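Okay, structure first, notes after.
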Amino acid sequence: MTFIDFKKLLLDAELSIPKFTDVIKVSEKNIQAYKKKKEVPNAIASIAACFAYMNKENIDYKSLINELNLVKKEKKGSGFSSKKKEKKEKKEKNLPEENKISS
């Protein structure tokens, strides 16, 4: 599905992208990234289509989704700083007690 068609489905569901990402507990950046690709994955497109249909039929899909108790995954960090910290921790674990660095 094209990103434009996806946005139309969100309009039919009376959702903005931020509201959609809040309901399904995903990062807004993830969804915005599909704009550059000009295509939305099937799973995301299917969810939007279901929301649009449910909204048209006056089904309270937001309550149904909330009952699932979805949890947004938090990014644990990446890049050089986290790798540097991991190396330091690993190094400290391998040192004898008297040589360990106090933080």
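Every chain in the structure tokens has a letter given in the order shown (A, B, ...), and although residue numbers restart at 1 in each chain, ligands are simply numbered from 1 in the order shown.
Near Cys50 in chain A, within a cut-off of 12 Å and counting only C-alpha atoms, sit the residues Phe6, Leu9, Leu10, Asp12, Ala13, Ala43, Ile44, Ala45, Ser46, Ile47, Tyr53, Met54, Asn55, Lys56, Glu57, Ile59, Asp60, Tyr61, Lys62 and Ile65 of chain A, with same-chain residues fewer than 3 positions away left out.
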> From the set A:Ser27, A:Ser63, A:Asn58, A:Lys36, which residue has the shortest atom-to-atom contact distance to Lys75 in chain A, counting only C-alpha atoms?
Replying inline: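 Ranking A:Ser27, A:Ser63, A:Asn58, A:Lys36 by distance to Lys75 in chain A, first place goes to A:Ser27.
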> Which is closest to Lys73 in chain A among A:Ile24, A:Lys8, A:Phe51, A:Gln32, if we use only C-alpha atoms?
Replying inline: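 For Lys73 in chain A, the nearest of the candidates is A:Ile24.
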>> Report, in Å to a single decimal, how far apart CA of Asn30 in chain A and CA of Thr2 in chain A are.
In response: 15.3 Å
>> Rounded to one decimal, what separation in Å do you get between CA of Lys7 in chain A and CA of Ala49 in chain A?
In response: 10.4 Å
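Our summary of the geometry notes that CA of Ala52 in chain A is positioned 17.7 Å from CA of Lys25 in chain A.
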>> What's around Ile4 in chain A at 9 Å? Count only C-alpha atoms, leave out sequence neighbours fewer than 5 positions away in its own chain, and write the answer as a list in words.
In response: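 In the requested form, the answer reads Leu9, Lys35, Lys38 and Glu39 of chain A.
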